[in-house]
Amino acid sequence: MSIRIAGIDKTYGPKGPGHTRALEPIDLDIANGELVGLLGPSGSGKTTLLRIVAGLEQADGGTIHFGERDVTQVHVRDRRIGFVFQHYALFRHMSVFDNVAFGLNALPRRDRPSSAQIRSRVMQLLEMVRLTDFASRYPAQLSGGQQQRVSLARALALKPDVLLLDEPFGALDAKVRQELRRWLRHLHGELGFTSLFVTHDQEEALELSDRVVVMSNGRVEQIATPDTLYRRPGNRFVFEFLGEVNRLEGDVSHGVLTCGAARLAVPGLDDGRHELLLRPHEIRLSERPSAGAHLPVSVSAVVPVGAEVRLELEADWLGEPWQASVGHAEFDRLDVSRGRRLYAVVSQLHRFDAAKPQTLTLEPAV
Ligand code: ADP
Ligand code: MG
């Protein structure tokens with residue numbers, strides 16, 4: 001079921017001082033079967049938008065369509081929506097089976113399947129989330145991740161056209177989150193419903209979504225596929241929100257940026273003061289300065305965990321230290337340790353101070 005959000009806006013409280021404009025007019029089209037992530041910092045309006053789509057909150061203006069149907073005034077009960085929230089909100093006095101069966105049992109008699117049909121549907125859902133052996137347990141006897149899988153099965157019991165999820169994995173630890181993301185992705189592919197989910201976690205949004213809507217202060221900053229968002233951020237907010245960022249500020253003259261003792265060839269950049277941004281993986285290290293770059297740094301912290309080694313680099317010419325990530329092989333080759341003096345090599349720089357965002361490619365990345 002496609003979703004069309006047109007001109008939806010919302011202000012909480014009476015108009016005037018003290019009111020909160022939670023949403024500026026928002027337009028968003030979600031295709032049938034799409035999985036769209038709403039990503040933004042706390043307070044950016046994600047939950048408000050989701051609740052308006054659900055019919056749990058009334059917008060001040062605008063319309064919501066599900067397919068051809070205008071549901072703006074339709075009660076939440078009649079929108080054919082499944083929900084999953086951060087807090088499991090399972091019925092504690094009911095077994096796993098009864099939790100999943102709840103919506104089916106609550107249907108008016110004329111719509112309600114037979115108890116045999118309900119049983120088979122519930123067992124099928126529990127099979128999907130691999131919890132058949134837990135059907136007669138109570139929520140308190142399950143781990144957090146298992147409880148969220150029950151929530152997912154329960155939300156899907158009525159075969160909703162639309163599944164809405166608000167920080168569904170927010171309360172779980174990193175490993176379980178990872179596993180549940182795979183569940184959601186898998187069920188989404190298998191059942192073909194349309195989903196809108198809220199998260200403040202960039203990685204989660206980028207990993208799960210077909211498209212991501214980046215929000216801040218009640219506004220949409222950019223709507224794009226994860227790939228486009230990461231490689232071609234529409235503005236500085238999106239760039240900064242999507243990953244770690246280092247800053248380089250200096251004066252450019254004749255294609256060379258100078259910043260204290262540091263110099264960097266920046267072909268194509270106009271003369272004048274510039275602020276440039278770069279990601280940790282856009283920095284390499286070398287024992288010598290190169291023709292285009294003289295960026296002396298000293299290593300102030302080393303975190304050798306994960307696929308790459310994370311380094312903190314300090315220099316007099318830098319305002320705040322840079323965060324860099326280098327491969328383990330390069331780390332070994334350069335014999336990096338705290339206090340080691342090296343030269344940074346920059347492969348790309350991003351600027352957002354011009355009319356259009358621009359990426360400068362400098363030395364080739366390794
Ligand atoms: P998010 O989910 O992105 O954290 P919310 O949609 O919950 O953001 O909130 C957006 C803004 O609206 C925030 O400034 C929040 O304080 C405010 N807000 C949310 N719900 C209410 C409410 N029921 N009454 C008043 N203000 C609210
Ligand atoms: Mg929220």
# chains A, B, ... in the order shown; residues from 1 in each chain; ligands from 1
$ residues_around --residues "Ser325 of chain A" --least-positions-apart "4" --cutoff "8 Å" --atoms "only C-alpha atoms" --output "list of chain:residue names"
A:Pro280, A:His281, A:Ile283, A:Arg284, A:Glu308, A:Val309, A:Arg310, A:Leu311
$ residues_near_ligand --ligand "ligand 2" --cutoff "12 Å" --atoms "only C-alpha atoms and all ligand atoms" --output "list in words"
Ala22, Leu38, Leu39, Gly40, Pro41, Ser42, Gly43, Ser44, Gly45, Lys46, Thr47, Thr48, Leu49, Leu50, Arg51, Phe85, Gln86, Leu165, Asp166, Glu167, Pro168, Gly170, Phe197, Val198, Thr199, His200, Asp201, Met215 and Gly218 of chain A
$ select_by_dssp --residues "segment 53-91 of chain A" --states "strand (DSSP E or B)" --output "PyMOL selection string"
chain A and resi 61-66+69-70+81-85
$ write_last_selection --atoms "N, CA and C atoms" --output "CSV table (one decimal), in the first residue's frame"
chain,number,residue,atom,x,y,z
A,61,GLY,N,-2.8,20.5,9.5
A,61,GLY,CA,-3.2,20.6,8.1
A,61,GLY,C,-2.6,19.6,7.3
A,62,GLY,N,-3.1,19.4,6.1
A,62,GLY,CA,-2.5,18.4,5.2
A,62,GLY,C,-3.3,17.1,5.1
A,63,THR,N,-2.9,16.2,4.3
A,63,THR,CA,-3.6,15.0,4.1
A,63,THR,C,-2.7,13.8,4.1
A,64,ILE,N,-3.3,12.6,4.4
A,64,ILE,CA,-2.6,11.3,4.3
A,64,ILE,C,-3.5,10.4,3.4
A,65,HIS,N,-2.9,9.9,2.4
A,65,HIS,CA,-3.5,8.9,1.6
A,65,HIS,C,-2.8,7.5,1.8
A,66,PHE,N,-3.6,6.5,1.9
A,66,PHE,CA,-3.1,5.1,1.8
A,66,PHE,C,-3.6,4.6,0.4
A,69,ARG,N,-7.0,5.9,-1.1
A,69,ARG,CA,-7.9,6.2,0.0
A,69,ARG,C,-7.4,7.4,0.9
A,70,ASP,N,-8.2,8.4,1.0
A,70,ASP,CA,-7.9,9.5,1.9
A,70,ASP,C,-8.2,9.1,3.3
A,81,ILE,N,-3.2,-0.9,10.1
A,81,ILE,CA,-1.8,-0.6,10.4
A,81,ILE,C,-1.3,-1.6,11.5
A,82,GLY,N,-0.1,-2.0,11.4
A,82,GLY,CA,0.5,-2.7,12.5
A,82,GLY,C,1.6,-1.8,13.1
A,83,PHE,N,1.7,-1.9,14.4
A,83,PHE,CA,2.7,-1.0,15.2
A,83,PHE,C,3.7,-1.8,15.9
A,84,VAL,N,4.9,-1.3,16.0
A,84,VAL,CA,5.8,-1.9,16.9
A,84,VAL,C,6.5,-0.7,17.6
A,85,PHE,N,6.5,-0.6,18.9
A,85,PHE,CA,7.1,0.5,19.7
A,85,PHE,C,8.4,0.0,20.4
$ residues_around --residues "Asn235 of chain A" --least-positions-apart "4" --cutoff "7 Å" --atoms "only C-alpha atoms" --output "list in words"
Phe239, Phe352 and Pro357 of chain A
$ closest_residue --among "A:Leu180, A:Leu56, A:Ile3, A:Leu295" --to "ligand 1" --atoms "only C-alpha atoms and all ligand atoms"
A:Leu56
$ residues_around --residues "segment 9-13 of chain A" --least-positions-apart "4" --cutoff "8 Å" --atoms "only C-alpha atoms" --output "PyMOL selection string"
chain A and resi 18-26+59-62
$ write_last_selection --atoms "N, CA and C atoms" --output "mmCIF file, in the first residue's frame"
data_model
loop_
_atom_site.group_PDB
_atom_site.id
_atom_site.type_symbol
_atom_site.label_atom_id
_atom_site.label_comp_id
_atom_site.auth_asym_id
_atom_site.auth_seq_id
_atom_site.Cartn_x
_atom_site.Cartn_y
_atom_site.Cartn_z
ATOM 1 N N GLY A 18 5.802 29.870 23.560
ATOM 2 C CA GLY A 18 5.720 28.639 24.334
ATOM 3 C C GLY A 18 5.204 27.463 23.543
ATOM 4 N N HIS A 19 4.693 27.706 22.328
ATOM 5 C CA HIS A 19 4.211 26.563 21.559
ATOM 6 C C HIS A 19 5.382 25.884 20.846
ATOM 7 N N THR A 20 5.178 24.643 20.462
ATOM 8 C CA THR A 20 6.229 23.904 19.772
ATOM 9 C C THR A 20 5.771 23.545 18.375
ATOM 10 N N ARG A 21 6.481 24.053 17.381
ATOM 11 C CA ARG A 21 6.179 23.646 16.009
ATOM 12 C C ARG A 21 6.903 22.329 15.787
ATOM 13 N N ALA A 22 6.178 21.242 15.908
ATOM 14 C CA ALA A 22 6.822 19.924 15.824
ATOM 15 C C ALA A 22 7.092 19.535 14.379
ATOM 16 N N LEU A 23 6.212 19.948 13.458
ATOM 17 C CA LEU A 23 6.411 19.643 12.040
ATOM 18 C C LEU A 23 6.088 20.854 11.182
ATOM 19 N N GLU A 24 7.008 21.205 10.299
ATOM 20 C CA GLU A 24 6.726 22.159 9.227
ATOM 21 C C GLU A 24 5.958 21.348 8.179
ATOM 22 N N PRO A 25 5.274 21.981 7.248
ATOM 23 C CA PRO A 25 4.549 21.143 6.285
ATOM 24 C C PRO A 25 5.473 20.112 5.607
ATOM 25 N N ILE A 26 5.077 18.849 5.720
ATOM 26 C CA ILE A 26 5.906 17.743 5.231
ATOM 27 C C ILE A 26 5.220 17.074 4.042
ATOM 28 N N ALA A 59 -3.167 16.022 12.701
ATOM 29 C CA ALA A 59 -2.338 17.103 12.153
ATOM 30 C C ALA A 59 -3.141 18.396 12.137
ATOM 31 N N ASP A 60 -2.444 19.530 12.057
ATOM 32 C CA ASP A 60 -3.152 20.811 11.927
ATOM 33 C C ASP A 60 -3.616 21.024 10.496
ATOM 34 N N GLY A 61 -2.847 20.484 9.549
ATOM 35 C CA GLY A 61 -3.229 20.644 8.148
ATOM 36 C C GLY A 61 -2.590 19.554 7.330
ATOM 37 N N GLY A 62 -3.053 19.405 6.090
ATOM 38 C CA GLY A 62 -2.478 18.408 5.194
ATOM 39 C C GLY A 62 -3.299 17.139 5.145
#
$ closest_residue --among "A:Pro321, A:Val326, A:Arg110, A:His350" --to "Ala307 of chain A" --atoms "only C-alpha atoms"
A:Val326
$ closest_residue --among "A:Arg149, A:Arg121, A:Arg338, A:Arg219" --to "ligand 1" --atoms "only C-alpha atoms and all ligand atoms"
A:Arg219
$ residues_around --residues "Val299 of chain A" --least-positions-apart "3" --cutoff "12 Å" --atoms "only C-alpha atoms" --output "mmCIF file with N, CA and C atoms, in the first residue's frame"
data_model
loop_
_atom_site.group_PDB
_atom_site.id
_atom_site.type_symbol
_atom_site.label_atom_id
_atom_site.label_comp_id
_atom_site.auth_asym_id
_atom_site.auth_seq_id
_atom_site.Cartn_x
_atom_site.Cartn_y
_atom_site.Cartn_z
ATOM 1 N N LEU A 285 47.863 8.101 6.365
ATOM 2 C CA LEU A 285 49.050 8.602 7.054
ATOM 3 C C LEU A 285 50.287 8.219 6.280
ATOM 4 N N PRO A 296 51.482 17.985 9.162
ATOM 5 C CA PRO A 296 52.119 17.266 10.261
ATOM 6 C C PRO A 296 51.143 17.038 11.424
ATOM 7 N N VAL A 302 44.971 5.675 20.206
ATOM 8 C CA VAL A 302 44.920 4.531 19.295
ATOM 9 C C VAL A 302 43.855 3.563 19.798
ATOM 10 N N VAL A 303 42.893 3.234 18.964
ATOM 11 C CA VAL A 303 41.861 2.254 19.340
ATOM 12 C C VAL A 303 41.855 1.133 18.299
ATOM 13 N N ARG A 310 41.259 2.951 14.809
ATOM 14 C CA ARG A 310 40.834 4.344 14.920
ATOM 15 C C ARG A 310 41.909 5.140 15.632
ATOM 16 N N LEU A 311 42.252 6.282 15.056
ATOM 17 C CA LEU A 311 43.313 7.102 15.620
ATOM 18 C C LEU A 311 42.793 8.507 15.868
ATOM 19 N N GLU A 312 43.351 9.120 16.906
ATOM 20 C CA GLU A 312 43.096 10.536 17.110
ATOM 21 C C GLU A 312 44.380 11.263 16.776
ATOM 22 N N LEU A 313 44.277 12.318 15.980
ATOM 23 C CA LEU A 313 45.452 13.050 15.523
ATOM 24 C C LEU A 313 45.395 14.478 16.028
ATOM 25 N N GLU A 314 46.513 14.934 16.599
ATOM 26 C CA GLU A 314 46.560 16.309 17.088
ATOM 27 C C GLU A 314 47.602 17.104 16.329
ATOM 28 N N ALA A 315 47.403 18.417 16.279
ATOM 29 C CA ALA A 315 48.408 19.301 15.692
ATOM 30 C C ALA A 315 48.100 20.715 16.148
ATOM 31 N N PRO A 321 41.119 17.860 17.546
ATOM 32 C CA PRO A 321 41.825 16.725 16.939
ATOM 33 C C PRO A 321 40.998 16.096 15.822
ATOM 34 N N TRP A 322 41.663 15.476 14.895
ATOM 35 C CA TRP A 322 41.003 14.708 13.843
ATOM 36 C C TRP A 322 40.852 13.250 14.282
ATOM 37 N N GLN A 323 39.779 12.648 13.835
ATOM 38 C CA GLN A 323 39.601 11.207 13.990
ATOM 39 C C GLN A 323 39.923 10.582 12.644
ATOM 40 N N ALA A 324 40.809 9.603 12.656
ATOM 41 C CA ALA A 324 41.151 8.937 11.397
ATOM 42 C C ALA A 324 40.951 7.439 11.572
ATOM 43 N N SER A 325 40.648 6.738 10.476
ATOM 44 C CA SER A 325 40.616 5.284 10.577
ATOM 45 C C SER A 325 41.514 4.723 9.488
ATOM 46 N N PHE A 331 48.582 0.423 9.582
ATOM 47 C CA PHE A 331 48.912 0.699 10.988
ATOM 48 C C PHE A 331 50.227 0.019 11.366
ATOM 49 N N LEU A 334 53.355 1.494 9.379
ATOM 50 C CA LEU A 334 53.834 2.791 9.858
ATOM 51 C C LEU A 334 54.276 2.749 11.316
ATOM 52 N N ASP A 335 54.108 1.563 11.925
ATOM 53 C CA ASP A 335 54.526 1.392 13.309
ATOM 54 C C ASP A 335 53.900 2.483 14.199
ATOM 55 N N VAL A 336 52.584 2.604 14.074
ATOM 56 C CA VAL A 336 51.888 3.685 14.784
ATOM 57 C C VAL A 336 51.789 3.393 16.274
ATOM 58 N N SER A 337 52.059 4.395 17.072
ATOM 59 C CA SER A 337 51.780 4.289 18.500
ATOM 60 C C SER A 337 51.516 5.695 19.005
ATOM 61 N N ARG A 338 51.087 5.823 20.237
ATOM 62 C CA ARG A 338 50.800 7.154 20.777
ATOM 63 C C ARG A 338 52.053 7.995 20.753
ATOM 64 N N GLY A 339 51.918 9.224 20.323
ATOM 65 C CA GLY A 339 53.049 10.143 20.300
ATOM 66 C C GLY A 339 53.808 10.128 18.985
ATOM 67 N N ARG A 340 53.512 9.167 18.125
ATOM 68 C CA ARG A 340 54.209 9.061 16.829
ATOM 69 C C ARG A 340 53.862 10.277 15.975
ATOM 70 N N ARG A 341 54.896 10.852 15.335
ATOM 71 C CA ARG A 341 54.676 12.004 14.455
ATOM 72 C C ARG A 341 54.642 11.540 13.019
ATOM 73 N N LEU A 342 53.572 11.903 12.341
ATOM 74 C CA LEU A 342 53.386 11.458 10.957
ATOM 75 C C LEU A 342 52.793 12.610 10.139
ATOM 76 N N TYR A 343 52.525 12.324 8.876
ATOM 77 C CA TYR A 343 51.880 13.327 8.026
ATOM 78 C C TYR A 343 50.542 12.780 7.537
ATOM 79 N N ALA A 344 49.549 13.614 7.629
ATOM 80 C CA ALA A 344 48.244 13.209 7.108
ATOM 81 C C ALA A 344 48.205 13.433 5.604
#
$ residues_around --residues "Val252 of chain A" --least-positions-apart "3" --cutoff "7 Å" --atoms "only C-alpha atoms" --output "list of chain:residue names"
A:Gly255, A:Val256, A:Leu257, A:Thr258, A:Asp270, A:Asp271, A:Gly272, A:Arg273
$ write_last_selection --atoms "all heavy atoms" --output "CSV table (one decimal), in the first residue's frame"
chain,number,residue,atom,x,y,z
A,255,GLY,N,45.2,28.2,-5.1
A,255,GLY,CA,45.0,26.7,-5.1
A,255,GLY,C,45.7,26.0,-3.9
A,255,GLY,O,45.8,24.8,-3.9
A,256,VAL,N,46.2,26.8,-3.0
A,256,VAL,CA,46.9,26.1,-1.8
A,256,VAL,C,46.2,26.7,-0.5
A,256,VAL,O,46.1,27.9,-0.4
A,256,VAL,CB,48.4,26.4,-1.8
A,256,VAL,CG1,49.0,25.8,-0.5
A,256,VAL,CG2,49.1,25.8,-3.0
A,257,LEU,N,45.8,25.7,0.3
A,257,LEU,CA,45.2,26.1,1.6
A,257,LEU,C,46.3,26.1,2.6
A,257,LEU,O,47.1,25.2,2.8
A,257,LEU,CB,44.1,25.1,2.0
A,257,LEU,CG,43.4,25.4,3.3
A,257,LEU,CD1,41.9,25.2,3.2
A,257,LEU,CD2,43.9,24.5,4.4
A,258,THR,N,46.3,27.2,3.4
A,258,THR,CA,47.3,27.3,4.5
A,258,THR,C,46.6,27.5,5.8
A,258,THR,O,45.6,28.2,5.9
A,258,THR,CB,48.2,28.6,4.3
A,258,THR,OG1,48.7,28.5,3.0
A,258,THR,CG2,49.3,28.6,5.3
A,270,ASP,N,38.3,28.6,-4.8
A,270,ASP,CA,38.6,30.0,-5.0
A,270,ASP,C,39.4,30.5,-3.8
A,270,ASP,O,39.4,29.9,-2.7
A,270,ASP,CB,37.3,30.8,-4.9
A,270,ASP,CG,36.1,30.1,-5.4
A,270,ASP,OD1,36.2,29.2,-6.3
A,270,ASP,OD2,35.0,30.3,-4.8
A,271,ASP,N,40.1,31.6,-4.1
A,271,ASP,CA,40.9,32.3,-3.0
A,271,ASP,C,39.9,32.7,-1.9
A,271,ASP,O,38.8,33.0,-2.1
A,271,ASP,CB,41.6,33.5,-3.6
A,271,ASP,CG,42.8,33.1,-4.4
A,271,ASP,OD1,43.0,31.9,-4.6
A,271,ASP,OD2,43.5,34.0,-4.9
A,272,GLY,N,40.4,32.8,-0.7
A,272,GLY,CA,39.6,33.2,0.4
A,272,GLY,C,39.6,32.2,1.6
A,272,GLY,O,40.2,31.2,1.5
A,273,ARG,N,38.8,32.5,2.6
A,273,ARG,CA,38.7,31.6,3.8
A,273,ARG,C,37.7,30.5,3.5
A,273,ARG,O,36.7,30.7,2.9
A,273,ARG,CB,38.2,32.4,5.0
A,273,ARG,CG,38.3,31.6,6.2
A,273,ARG,CD,39.0,32.4,7.4
A,273,ARG,NE,39.3,31.6,8.5
A,273,ARG,CZ,40.5,31.1,8.7
A,273,ARG,NH1,41.5,31.5,8.0
A,273,ARG,NH2,40.7,30.3,9.8
